[in-house]
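Note: the block below is coords.cif and it holds mmCIF, C-alpha atoms.
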data_structure
loop_
_atom_site.label_atom_id
_atom_site.label_comp_id
_atom_site.auth_asym_id
_atom_site.auth_seq_id
_atom_site.Cartn_x
_atom_site.Cartn_y
_atom_site.Cartn_z
CA MET A 1 0.00 0.00 0.00
CA ARG A 2 1.34 3.43 -0.97
CA LYS A 3 2.30 5.85 1.78
CA PRO A 4 0.08 8.96 2.13
CA TRP A 5 2.80 11.33 0.91
CA VAL A 6 3.29 9.25 -2.25
CA LYS A 7 -0.44 9.45 -3.02
CA THR A 8 -0.35 13.19 -2.42
CA LEU A 9 2.59 13.64 -4.81
CA LEU A 10 0.81 11.59 -7.47
CA LYS A 11 -2.31 13.74 -7.12
CA ILE A 12 -0.24 16.94 -7.35
CA GLY A 13 1.29 15.54 -10.52
CA GLY A 14 -2.17 14.73 -11.83
CA SER A 15 -3.40 18.29 -11.19
CA VAL A 16 -0.35 19.80 -12.88
CA ALA A 17 -0.70 17.52 -15.90
CA ILE A 18 -4.43 18.22 -16.35
CA ILE A 19 -4.00 22.01 -16.05
CA TRP A 20 -0.99 21.97 -18.40
CA LEU A 21 -2.93 20.02 -21.04
CA MET A 22 -5.88 22.38 -20.69
CA ILE A 23 -3.74 25.51 -21.07
CA ARG A 24 -1.90 24.03 -24.02
CA ASN A 25 -4.98 22.97 -25.97
CA ILE A 26 -7.25 25.99 -25.42
CA PRO A 27 -6.57 29.41 -26.97
CA TRP A 28 -6.69 31.90 -24.10
CA ASN A 29 -7.67 35.56 -24.29
CA MET A 30 -5.97 37.41 -21.44
CA ALA A 31 -7.92 40.57 -22.27
CA GLU A 32 -11.12 38.62 -21.48
CA PHE A 33 -9.69 37.61 -18.09
CA LYS A 34 -8.93 41.23 -17.29
CA ARG A 35 -12.32 42.47 -18.48
CA VAL A 36 -14.30 39.99 -16.34
CA PHE A 37 -12.27 40.69 -13.20
CA GLN A 38 -12.59 44.45 -13.67
CA GLN A 39 -16.38 44.14 -13.95
CA LEU A 40 -16.74 41.79 -10.96
CA HIS A 41 -19.75 42.86 -8.87
CA LEU A 42 -18.44 42.68 -5.30
CA GLY A 43 -21.92 42.98 -3.78
CA TRP A 44 -23.22 39.79 -5.40
CA TYR A 45 -19.97 37.98 -4.72
CA GLY A 46 -19.95 39.07 -1.08
CA LEU A 47 -23.50 37.73 -0.75
CA SER A 48 -22.35 34.35 -2.06
CA LEU A 49 -19.91 34.05 0.86
CA THR A 50 -22.86 33.33 3.13
CA GLY A 51 -23.57 30.16 1.13
CA VAL A 52 -21.07 27.85 2.79
CA LEU A 53 -22.34 28.71 6.30
CA LEU A 54 -25.97 28.22 5.31
CA VAL A 55 -25.36 24.98 3.43
CA LEU A 56 -23.24 23.38 6.14
CA GLY A 57 -25.65 24.66 8.78
CA ILE A 58 -28.57 22.91 7.07
CA LYS A 59 -26.53 19.73 6.63
CA SER A 60 -25.60 19.79 10.31
CA LEU A 61 -29.32 19.82 11.16
CA ARG A 62 -29.77 16.81 8.89
CA TRP A 63 -26.94 14.97 10.63
CA ASN A 64 -28.41 15.87 14.02
CA LEU A 65 -31.69 14.21 12.98
CA LEU A 66 -29.76 11.09 11.98
CA LEU A 67 -28.15 11.04 15.43
CA VAL A 68 -31.57 11.37 17.05
CA HIS A 69 -32.73 8.42 14.93
CA GLU A 70 -29.90 6.41 16.55
CA GLN A 71 -31.15 7.45 20.02
CA CYS A 72 -28.32 9.91 20.51
CA ALA A 73 -29.23 13.23 22.17
CA TYR A 74 -26.70 15.70 20.78
CA PRO A 75 -27.17 19.51 20.85
CA LYS A 76 -27.78 21.16 17.46
CA TRP A 77 -25.10 23.78 18.09
CA ASN A 78 -22.53 21.06 18.80
CA SER A 79 -23.54 19.35 15.55
CA PHE A 80 -22.90 22.60 13.69
CA VAL A 81 -19.49 23.09 15.35
CA ALA A 82 -18.48 19.52 14.52
CA TYR A 83 -19.70 19.88 10.91
CA MET A 84 -17.77 23.11 10.34
CA ALA A 85 -14.56 21.84 11.96
CA SER A 86 -14.70 18.54 10.08
CA PHE A 87 -15.12 20.44 6.80
CA THR A 88 -11.72 22.08 7.34
CA ILE A 89 -10.09 18.87 8.55
CA GLY A 90 -11.33 17.17 5.39
CA LEU A 91 -9.67 19.85 3.23
CA ILE A 92 -6.23 19.50 4.81
CA THR A 93 -6.04 15.75 5.39
CA PRO A 94 -5.99 12.79 2.98
CA GLY A 95 -8.91 10.40 2.67
CA ARG A 96 -12.03 11.02 4.73
CA LEU A 97 -10.53 11.95 8.09
CA GLY A 98 -12.76 15.03 8.13
CA GLU A 99 -15.82 12.80 8.26
CA ILE A 100 -14.25 10.65 10.99
CA SER A 101 -13.59 13.74 13.11
CA ARG A 102 -17.33 14.38 13.36
CA LEU A 103 -17.71 10.93 14.83
CA TYR A 104 -15.11 11.69 17.49
CA TYR A 105 -16.85 14.93 18.46
CA VAL A 106 -20.15 13.20 19.10
CA ARG A 107 -18.64 10.15 20.79
CA GLU A 108 -16.72 12.40 23.17
CA GLU A 109 -19.82 14.28 24.29
CA ALA A 110 -22.73 11.82 23.95
CA LYS A 111 -23.53 8.14 24.34
CA ILE A 112 -23.51 6.34 21.01
CA SER A 113 -21.79 3.20 19.81
CA PHE A 114 -19.05 3.46 17.21
CA TYR A 115 -21.15 1.35 14.82
CA ASN A 116 -24.26 3.54 15.04
CA GLY A 117 -22.24 6.74 15.00
CA PHE A 118 -20.38 5.83 11.84
CA LYS A 119 -23.64 4.78 10.22
CA THR A 120 -24.93 8.35 10.59
CA LEU A 121 -21.88 9.59 8.65
CA ILE A 122 -22.44 7.11 5.83
CA VAL A 123 -26.14 7.88 5.55
CA ASP A 124 -25.33 11.60 5.65
CA ARG A 125 -23.06 11.14 2.63
CA ILE A 126 -25.59 8.98 0.79
CA PHE A 127 -28.03 11.89 0.88
CA ASP A 128 -25.44 14.08 -0.83
CA PHE A 129 -24.48 11.47 -3.41
CA ALA A 130 -28.14 10.90 -4.21
CA MET A 131 -28.53 14.57 -5.11
CA LEU A 132 -25.32 14.65 -7.15
CA ILE A 133 -26.25 11.53 -9.08
CA TRP A 134 -29.80 12.78 -9.69
CA PHE A 135 -28.75 16.20 -10.99
CA GLY A 136 -25.56 14.92 -12.64
CA THR A 137 -27.32 12.14 -14.56
CA THR A 138 -30.10 14.49 -15.57
CA GLY A 139 -27.57 17.09 -16.66
CA MET A 140 -25.85 14.73 -19.10
CA LEU A 141 -29.20 13.65 -20.56
CA PHE A 142 -30.27 17.29 -20.83
CA PHE A 143 -27.07 18.56 -22.46
CA TYR A 144 -27.22 15.90 -25.17
CA LYS A 145 -31.04 16.11 -25.51
CA VAL A 146 -31.46 12.37 -25.06
CA LEU A 147 -35.16 12.78 -24.29
CA GLY A 148 -35.70 15.50 -26.87
CA ASP A 149 -35.91 19.26 -26.58
CA ILE A 150 -37.87 19.51 -23.31
CA ASN A 151 -37.08 21.71 -20.32
CA GLY A 152 -34.73 20.76 -17.50
CA GLY A 153 -37.54 20.30 -14.98
CA ALA A 154 -39.12 17.56 -17.09
CA TYR A 155 -35.73 15.86 -17.40
CA LEU A 156 -35.38 15.96 -13.61
CA LEU A 157 -38.78 14.33 -13.13
CA VAL A 158 -38.09 11.50 -15.58
CA THR A 159 -34.65 10.83 -14.12
CA ALA A 160 -36.03 10.88 -10.56
CA ILE A 161 -38.55 8.16 -11.44
CA ALA A 162 -35.86 6.01 -13.08
CA LEU A 163 -33.40 6.41 -10.22
CA LEU A 164 -36.08 5.70 -7.63
CA ALA A 165 -36.88 2.45 -9.42
CA ILE A 166 -33.18 1.47 -9.36
CA TRP A 167 -32.98 2.46 -5.68
CA MET A 168 -35.93 0.24 -4.80
CA VAL A 169 -34.45 -2.72 -6.69
CA ILE A 170 -31.28 -2.39 -4.59
CA TYR A 171 -33.41 -1.98 -1.45
CA PHE A 172 -35.33 -5.22 -1.93
CA SER A 173 -32.20 -7.05 -3.12
CA LEU A 174 -30.35 -6.14 0.05
CA LYS A 175 -33.37 -7.01 2.12
CA SER A 176 -33.61 -10.51 0.68
CA ILE A 177 -29.92 -11.34 0.15
CA VAL A 178 -28.39 -9.82 3.29
CA LYS A 179 -30.18 -11.38 6.23
CA LYS A 180 -30.23 -9.23 9.33
CA ASP A 181 -29.28 -11.93 11.81
CA THR A 182 -26.71 -13.89 9.81
CA ALA A 183 -24.93 -11.26 7.73
CA LYS A 184 -21.31 -10.37 8.30
CA THR A 185 -20.69 -7.01 9.94
CA GLY A 186 -19.77 -5.22 6.70
CA LEU A 187 -22.80 -6.48 4.77
CA LYS A 188 -25.10 -5.77 7.70
CA PHE A 189 -23.73 -2.24 7.86
CA ILE A 190 -24.46 -1.68 4.14
CA ARG A 191 -27.96 -3.09 4.45
CA GLU A 192 -28.88 -0.99 7.47
CA SER A 193 -27.37 2.21 6.03
CA TRP A 194 -29.02 1.91 2.61
CA ASN A 195 -32.40 0.49 3.59
CA GLY A 196 -32.77 2.77 6.56
CA MET A 197 -33.11 5.74 4.20
CA PHE A 198 -36.56 4.52 3.11
CA LEU A 199 -38.08 4.82 6.57
CA PRO A 200 -40.82 7.47 7.04
CA VAL A 201 -38.66 9.18 9.67
CA MET A 202 -36.17 10.05 6.90
CA ALA A 203 -38.62 12.47 5.25
CA TRP A 204 -37.15 15.44 7.11
CA PRO A 205 -33.51 14.61 6.25
CA TRP A 206 -34.55 14.34 2.59
CA LEU A 207 -36.26 17.74 2.75
CA LEU A 208 -33.21 19.28 4.42
CA THR A 209 -31.03 17.81 1.67
CA LEU A 210 -33.19 19.45 -0.99
CA LEU A 211 -33.05 22.74 0.92
CA ALA A 212 -29.25 22.56 1.33
CA TYR A 213 -28.70 22.06 -2.38
CA PHE A 214 -31.22 24.75 -3.28
CA VAL A 215 -29.23 27.20 -1.11
CA PHE A 216 -25.98 25.93 -2.65
CA TYR A 217 -27.28 26.56 -6.16
CA VAL A 218 -28.58 30.00 -5.17
CA ALA A 219 -25.18 30.96 -3.74
CA ASN A 220 -23.53 29.91 -7.00
CA PHE A 221 -26.22 31.81 -8.90
CA TRP A 222 -24.93 34.90 -7.06
CA ILE A 223 -21.36 34.08 -8.14
CA PHE A 224 -22.47 33.78 -11.77
CA LYS A 225 -24.40 37.03 -11.40
CA SER A 226 -21.29 38.76 -10.04
CA ILE A 227 -19.53 38.09 -13.37
CA GLY A 228 -22.55 38.87 -15.50
CA ILE A 229 -23.59 35.33 -16.46
CA PRO A 230 -27.38 34.67 -16.45
CA LEU A 231 -28.06 30.98 -15.74
CA SER A 232 -31.12 29.35 -14.20
CA LEU A 233 -30.92 27.42 -10.92
CA ILE A 234 -31.64 24.15 -12.74
CA ASP A 235 -28.79 24.76 -15.20
CA ILE A 236 -26.46 25.61 -12.33
CA GLY A 237 -27.54 22.43 -10.55
CA PHE A 238 -26.66 20.34 -13.61
CA ILE A 239 -23.27 22.01 -14.02
CA LEU A 240 -22.17 21.88 -10.39
CA SER A 241 -23.36 18.31 -9.83
CA LEU A 242 -21.37 17.04 -12.80
CA MET A 243 -18.39 19.11 -11.70
CA SER A 244 -18.60 17.64 -8.18
CA LEU A 245 -18.79 14.10 -9.54
CA ALA A 246 -15.73 14.79 -11.72
CA THR A 247 -13.71 16.01 -8.73
CA LEU A 248 -14.37 12.70 -6.96
CA ILE A 249 -12.07 10.99 -9.47
CA PRO A 250 -8.88 10.47 -7.39
CA ILE A 251 -6.39 11.78 -9.95
CA SER A 252 -5.86 15.33 -8.69
CA LEU A 253 -5.29 17.23 -5.46
CA ALA A 254 -8.48 18.76 -4.00
CA GLY A 255 -10.06 18.53 -7.45
CA PHE A 256 -7.66 21.03 -9.05
CA GLY A 257 -7.58 20.42 -12.76
CA THR A 258 -10.63 18.16 -12.96
CA ARG A 259 -12.77 21.02 -11.61
CA GLU A 260 -11.48 23.50 -14.19
CA VAL A 261 -11.63 21.12 -17.16
CA SER A 262 -15.17 20.01 -16.31
CA LEU A 263 -16.36 23.62 -15.96
CA VAL A 264 -14.77 24.67 -19.26
CA PHE A 265 -16.51 21.73 -20.96
CA LEU A 266 -19.92 22.12 -19.27
CA LEU A 267 -20.16 25.90 -19.61
CA SER A 268 -19.34 25.60 -23.31
CA PHE A 269 -22.89 24.23 -23.76
CA TYR A 270 -24.07 27.74 -22.84
CA GLY A 271 -21.58 29.54 -25.07
CA ILE A 272 -19.49 30.68 -22.10
CA SER A 273 -15.80 31.19 -22.87
CA PRO A 274 -13.03 29.18 -21.15
CA GLU A 275 -11.73 32.38 -19.56
CA VAL A 276 -15.04 33.03 -17.80
CA ALA A 277 -15.30 29.36 -16.80
CA ILE A 278 -11.89 29.50 -15.11
CA ILE A 279 -12.73 32.75 -13.34
CA PHE A 280 -15.95 31.22 -12.03
CA SER A 281 -13.96 28.18 -10.85
CA LEU A 282 -11.55 30.41 -8.90
CA LEU A 283 -14.36 32.47 -7.39
CA GLN A 284 -16.37 29.37 -6.46
CA PHE A 285 -13.35 27.66 -4.90
CA THR A 286 -12.58 30.79 -2.87
CA ALA A 287 -16.19 31.26 -1.68
CA PHE A 288 -16.79 27.68 -0.60
CA PHE A 289 -13.47 25.99 0.07
CA LEU A 290 -11.03 28.72 1.13
CA TRP A 291 -13.62 30.86 2.95
CA GLY A 292 -15.43 27.83 4.32
CA GLY A 293 -12.14 26.26 5.36
CA PHE A 294 -11.12 29.43 7.21
CA ILE A 295 -14.41 29.59 9.12
CA GLY A 296 -14.18 25.88 9.89
CA TRP A 297 -10.67 26.44 11.21
CA LEU A 298 -12.05 29.04 13.64
CA PHE A 299 -14.60 26.48 14.84
CA TRP A 300 -11.81 23.93 15.22
CA LEU A 301 -9.89 26.42 17.40
CA TYR A 302 -13.08 26.86 19.41
CA ASN A 303 -13.37 23.10 19.96
CA PRO A 304 -10.26 21.26 18.71
CA VAL A 305 -9.87 17.52 18.27
CA LYS A 306 -6.59 15.61 18.11
CA MET A 307 -5.80 14.04 14.73
CA SER A 308 -4.29 11.01 16.48
CA LEU A 309 -7.68 10.26 18.06
CA ILE A 310 -9.43 10.58 14.70
CA LYS A 311 -7.02 8.09 13.14
CA GLU A 312 -7.53 5.74 16.08
CA ASP A 313 -11.30 5.83 15.55
CA TYR A 314 -10.79 5.09 11.85
CA ARG A 315 -8.65 2.03 12.63
CA SER A 316 -11.24 0.88 15.17
CA PHE A 317 -13.98 1.01 12.60
CA MET A 318 -11.97 -0.98 10.03
CA LEU A 319 -11.38 -3.65 12.68
CA TYR A 320 -15.10 -3.66 13.46
CA LEU A 321 -15.98 -4.20 9.80
CA ARG A 322 -13.66 -7.19 9.72
CA GLY A 323 -15.56 -8.65 12.66
CA THR A 324 -12.85 -8.08 15.26
CA LYS A 325 -14.26 -7.45 18.72
CA GLN A 326 -13.10 -4.32 20.47
#

Could I get this structure in the form of structure tokens?
Amino acid sequence: MRKPWVKTLLKIGGSVAIIWLMIRNIPWNMAEFKRVFQQLHLGWYGLSLTGVLLVLGIKSLRWNLLLVHEQCAYPKWNSFVAYMASFTIGLITPGRLGEISRLYYVREEAKISFYNGFKTLIVDRIFDFAMLIWFGTTGMLFFYKVLGDINGGAYLLVTAIALLAIWMVIYFSLKSIVKKDTAKTGLKFIRESWNGMFLPVMAWPWLLTLLAYFVFYVANFWIFKSIGIPLSLIDIGFILSLMSLATLIPISLAGFGTREVSLVFLLSFYGISPEVAIIFSLLQFTAFFLWGGFIGWLFWLYNPVKMSLIKEDYRSFMLYLRGTKQ
């Protein structure tokens, strides 16, 4: 297994290679860069800086509901602090240590088993992936007019029905194949995490997920508006979901390169130049990752957690999945 620093170097190399290929193969107009930056509307951009706080705040409420579902009484403010701090930890550490840090926060202050606590993190991420896959899949169908020249809302409805059918097939497959009493720990964990999302009590987490992404798209609408680009919220949802899915490919550092290439490609469907696409990428990264990371760092200073303890929890969970008793 490669050491963490080797993986980091490979990802840095991947980012450099992707950006170099993009710069080499696209004719750039530096005058366009200068024009867009000079006309940047600071009021709209400043408004977009509230987006990361609102989005993560809504998601922290969703996570708090998942904890309550696991019979864990955890204050909403503490959930918000943990969510913000873990966001920053996730930006500066390899893998998913940011997610694990949330688990340590709650286990330190409330009574919950490691198994049930980690399940809330997985379910929390499934909500996000469900939205990205829904909007991302719909976006690709919409851009290439697979279903004809109908509006984006109709595409979303058709895709939602298809994905729900696939989701239910997986639900009943897991229910019949993975028996609750005899399954191995790992399979049992997957079954409980996935199938638990269909319970009536999950209605509120689903609604909060929709609200969080609506706010996220609105904040990015403000960024587009700050550089004079008129796009609808549905279009922005398609673009950003596909961009987010592209950055999950583990070939670059923090998505650098894959983010820019995907935005240049996706915004070209709207006749937006590569220069404007790159400027939006920089503004979006600053508003959500750099600004959000700075605020999360302040929350981490307010209530810090030791990285050694986070790594210990991660190792404990891997042992648990293998069936090793703690």

task: Find the spatial neighbours of A:Asn303, counting only C-alpha atoms, within a cut-off of 10 Å - ignore same-chain residues fewer than 5 positions away - and output them as a PyMOL selection string.
output: chain A and resi 78+81-82+85+105+297-298

statement: Nearest to A:Gly139, restricted to only C-alpha atoms and choosing among A:Leu267, A:Val55, A:Leu121, A:Val201, comes out as A:Leu267

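Among the candidates A:Thr137, A:Ser173, A:Thr247, A:Ser113, the one nearest to A:Leu157 when counting all atoms listed in the file is A:Thr137.
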
query: Do you know which residues the PyMOL selection byres ((chain A and resi 223) around 9) returns on this file, as a ChimeraX atom specification?
result: /A:41,44-48,218-222,224-229,280,283-284,287

Restricting it to C-alpha atoms, dump the selection as a CSV table (one decimal), in the coordinates of the input.
chain,number,residue,atom,x,y,z
A,41,HIS,CA,-19.8,42.9,-8.9
A,44,TRP,CA,-23.2,39.8,-5.4
A,45,TYR,CA,-20.0,38.0,-4.7
A,46,GLY,CA,-20.0,39.1,-1.1
A,47,LEU,CA,-23.5,37.7,-0.8
A,48,SER,CA,-22.4,34.4,-2.1
A,218,VAL,CA,-28.6,30.0,-5.2
A,219,ALA,CA,-25.2,31.0,-3.7
A,220,ASN,CA,-23.5,29.9,-7.0
A,221,PHE,CA,-26.2,31.8,-8.9
A,222,TRP,CA,-24.9,34.9,-7.1
A,224,PHE,CA,-22.5,33.8,-11.8
A,225,LYS,CA,-24.4,37.0,-11.4
A,226,SER,CA,-21.3,38.8,-10.0
A,227,ILE,CA,-19.5,38.1,-13.4
A,228,GLY,CA,-22.6,38.9,-15.5
A,229,ILE,CA,-23.6,35.3,-16.5
A,280,PHE,CA,-16.0,31.2,-12.0
A,283,LEU,CA,-14.4,32.5,-7.4
A,284,GLN,CA,-16.4,29.4,-6.5
A,287,ALA,CA,-16.2,31.3,-1.7

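Atom CA of A:Ala160 to atom CA of A:Asp128 spans 14.7 Å [interatomic distance, one decimal].
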
Counting only C-alpha atoms, the residue of A:Ile239, A:Leu245, A:Ile190, A:Ile133 that sits nearest A:Ala162: A:Ile133

- prompt: What does the distance between atom CA of A:Glu32 and atom CA of A:Pro274 come to in Å, to one decimal place?
  reply: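 Distance between the two atoms: 9.6 Å.
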
field: Proximity to A:Val261 - best of A:Ile249, A:Ala277, A:Ile150, A:Val305, all atoms listed in the file
entry: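 The closest residue to A:Val261 is A:Ala277.
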
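Nearest-residue note for A:Asp124: choosing from A:Lys188, A:Lys59, A:Lys145, A:Lys175, the minimum distance belongs to A:Lys59, counting only C-alpha atoms.
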
Might you spell out which residues the PyMOL selection byres ((chain A and resi 67) around 10) would select in the displayed file, as a PDB file with C-alpha atoms, keeping the file's coordinate frame?
ATOM      1  CA  LEU A  61     -29.320  19.820  11.160  1.00  0.00           C
ATOM      2  CA  ARG A  62     -29.770  16.810   8.890  1.00  0.00           C
ATOM      3  CA  TRP A  63     -26.940  14.970  10.630  1.00  0.00           C
ATOM      4  CA  ASN A  64     -28.410  15.870  14.020  1.00  0.00           C
ATOM      5  CA  LEU A  65     -31.690  14.210  12.980  1.00  0.00           C
ATOM      6  CA  LEU A  66     -29.760  11.090  11.980  1.00  0.00           C
ATOM      7  CA  VAL A  68     -31.570  11.370  17.050  1.00  0.00           C
ATOM      8  CA  HIS A  69     -32.730   8.420  14.930  1.00  0.00           C
ATOM      9  CA  GLU A  70     -29.900   6.410  16.550  1.00  0.00           C
ATOM     10  CA  GLN A  71     -31.150   7.450  20.020  1.00  0.00           C
ATOM     11  CA  CYS A  72     -28.320   9.910  20.510  1.00  0.00           C
ATOM     12  CA  ALA A  73     -29.230  13.230  22.170  1.00  0.00           C
ATOM     13  CA  TYR A  74     -26.700  15.700  20.780  1.00  0.00           C
ATOM     14  CA  SER A  79     -23.540  19.350  15.550  1.00  0.00           C
ATOM     15  CA  VAL A 106     -20.150  13.200  19.100  1.00  0.00           C
ATOM     16  CA  ILE A 112     -23.510   6.340  21.010  1.00  0.00           C
ATOM     17  CA  ASN A 116     -24.260   3.540  15.040  1.00  0.00           C
ATOM     18  CA  GLY A 117     -22.240   6.740  15.000  1.00  0.00           C
ATOM     19  CA  LYS A 119     -23.640   4.780  10.220  1.00  0.00           C
ATOM     20  CA  THR A 120     -24.930   8.350  10.590  1.00  0.00           C
ATOM     21  CA  LEU A 121     -21.880   9.590   8.650  1.00  0.00           C
TER      22      LEU A 121
END

query: atom CA of A:Ser86 and atom CA of A:Glu99, how far apart in Å?
result: 6.1 Å

message: Given all atoms listed in the file as the basis, pick out the residue of A:Val264, A:Ile295, A:Leu210, A:Leu49 nearest to A:Ile26.
response: A:Val264

query: How would you write, as a ChimeraX atom specification, the residues chosen by the PyMOL selection byres ((chain A and resi 134) around 8) on this structure?
result: /A:130-133,135-138,156,159-160,163

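Residues lying within 10 Å of (-30.6, 23.6, -10.5). Counted over only C-alpha atoms, they are Phe135, Gly139, Gly152, Gly153, Leu156, Tyr213, Phe214, Phe216, Tyr217, Val218, Phe221, Leu231, Ser232, Leu233, Ile234, Asp235, Ile236, Gly237, Phe238, Ile239, Leu240 and Ser241 of chain A.
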
Next, write the just-selected residues to a file, as an mmCIF file, in the frame of the given file, keeping C-alpha atoms as the atom set.
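Result went into selection.cif, see below:
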data_model
loop_
_atom_site.group_PDB
_atom_site.id
_atom_site.type_symbol
_atom_site.label_atom_id
_atom_site.label_comp_id
_atom_site.auth_asym_id
_atom_site.auth_seq_id
_atom_site.Cartn_x
_atom_site.Cartn_y
_atom_site.Cartn_z
ATOM 1 C CA PHE A 135 -28.750 16.200 -10.990
ATOM 2 C CA GLY A 139 -27.570 17.090 -16.660
ATOM 3 C CA GLY A 152 -34.730 20.760 -17.500
ATOM 4 C CA GLY A 153 -37.540 20.300 -14.980
ATOM 5 C CA LEU A 156 -35.380 15.960 -13.610
ATOM 6 C CA TYR A 213 -28.700 22.060 -2.380
ATOM 7 C CA PHE A 214 -31.220 24.750 -3.280
ATOM 8 C CA PHE A 216 -25.980 25.930 -2.650
ATOM 9 C CA TYR A 217 -27.280 26.560 -6.160
ATOM 10 C CA VAL A 218 -28.580 30.000 -5.170
ATOM 11 C CA PHE A 221 -26.220 31.810 -8.900
ATOM 12 C CA LEU A 231 -28.060 30.980 -15.740
ATOM 13 C CA SER A 232 -31.120 29.350 -14.200
ATOM 14 C CA LEU A 233 -30.920 27.420 -10.920
ATOM 15 C CA ILE A 234 -31.640 24.150 -12.740
ATOM 16 C CA ASP A 235 -28.790 24.760 -15.200
ATOM 17 C CA ILE A 236 -26.460 25.610 -12.330
ATOM 18 C CA GLY A 237 -27.540 22.430 -10.550
ATOM 19 C CA PHE A 238 -26.660 20.340 -13.610
ATOM 20 C CA ILE A 239 -23.270 22.010 -14.020
ATOM 21 C CA LEU A 240 -22.170 21.880 -10.390
ATOM 22 C CA SER A 241 -23.360 18.310 -9.830
#
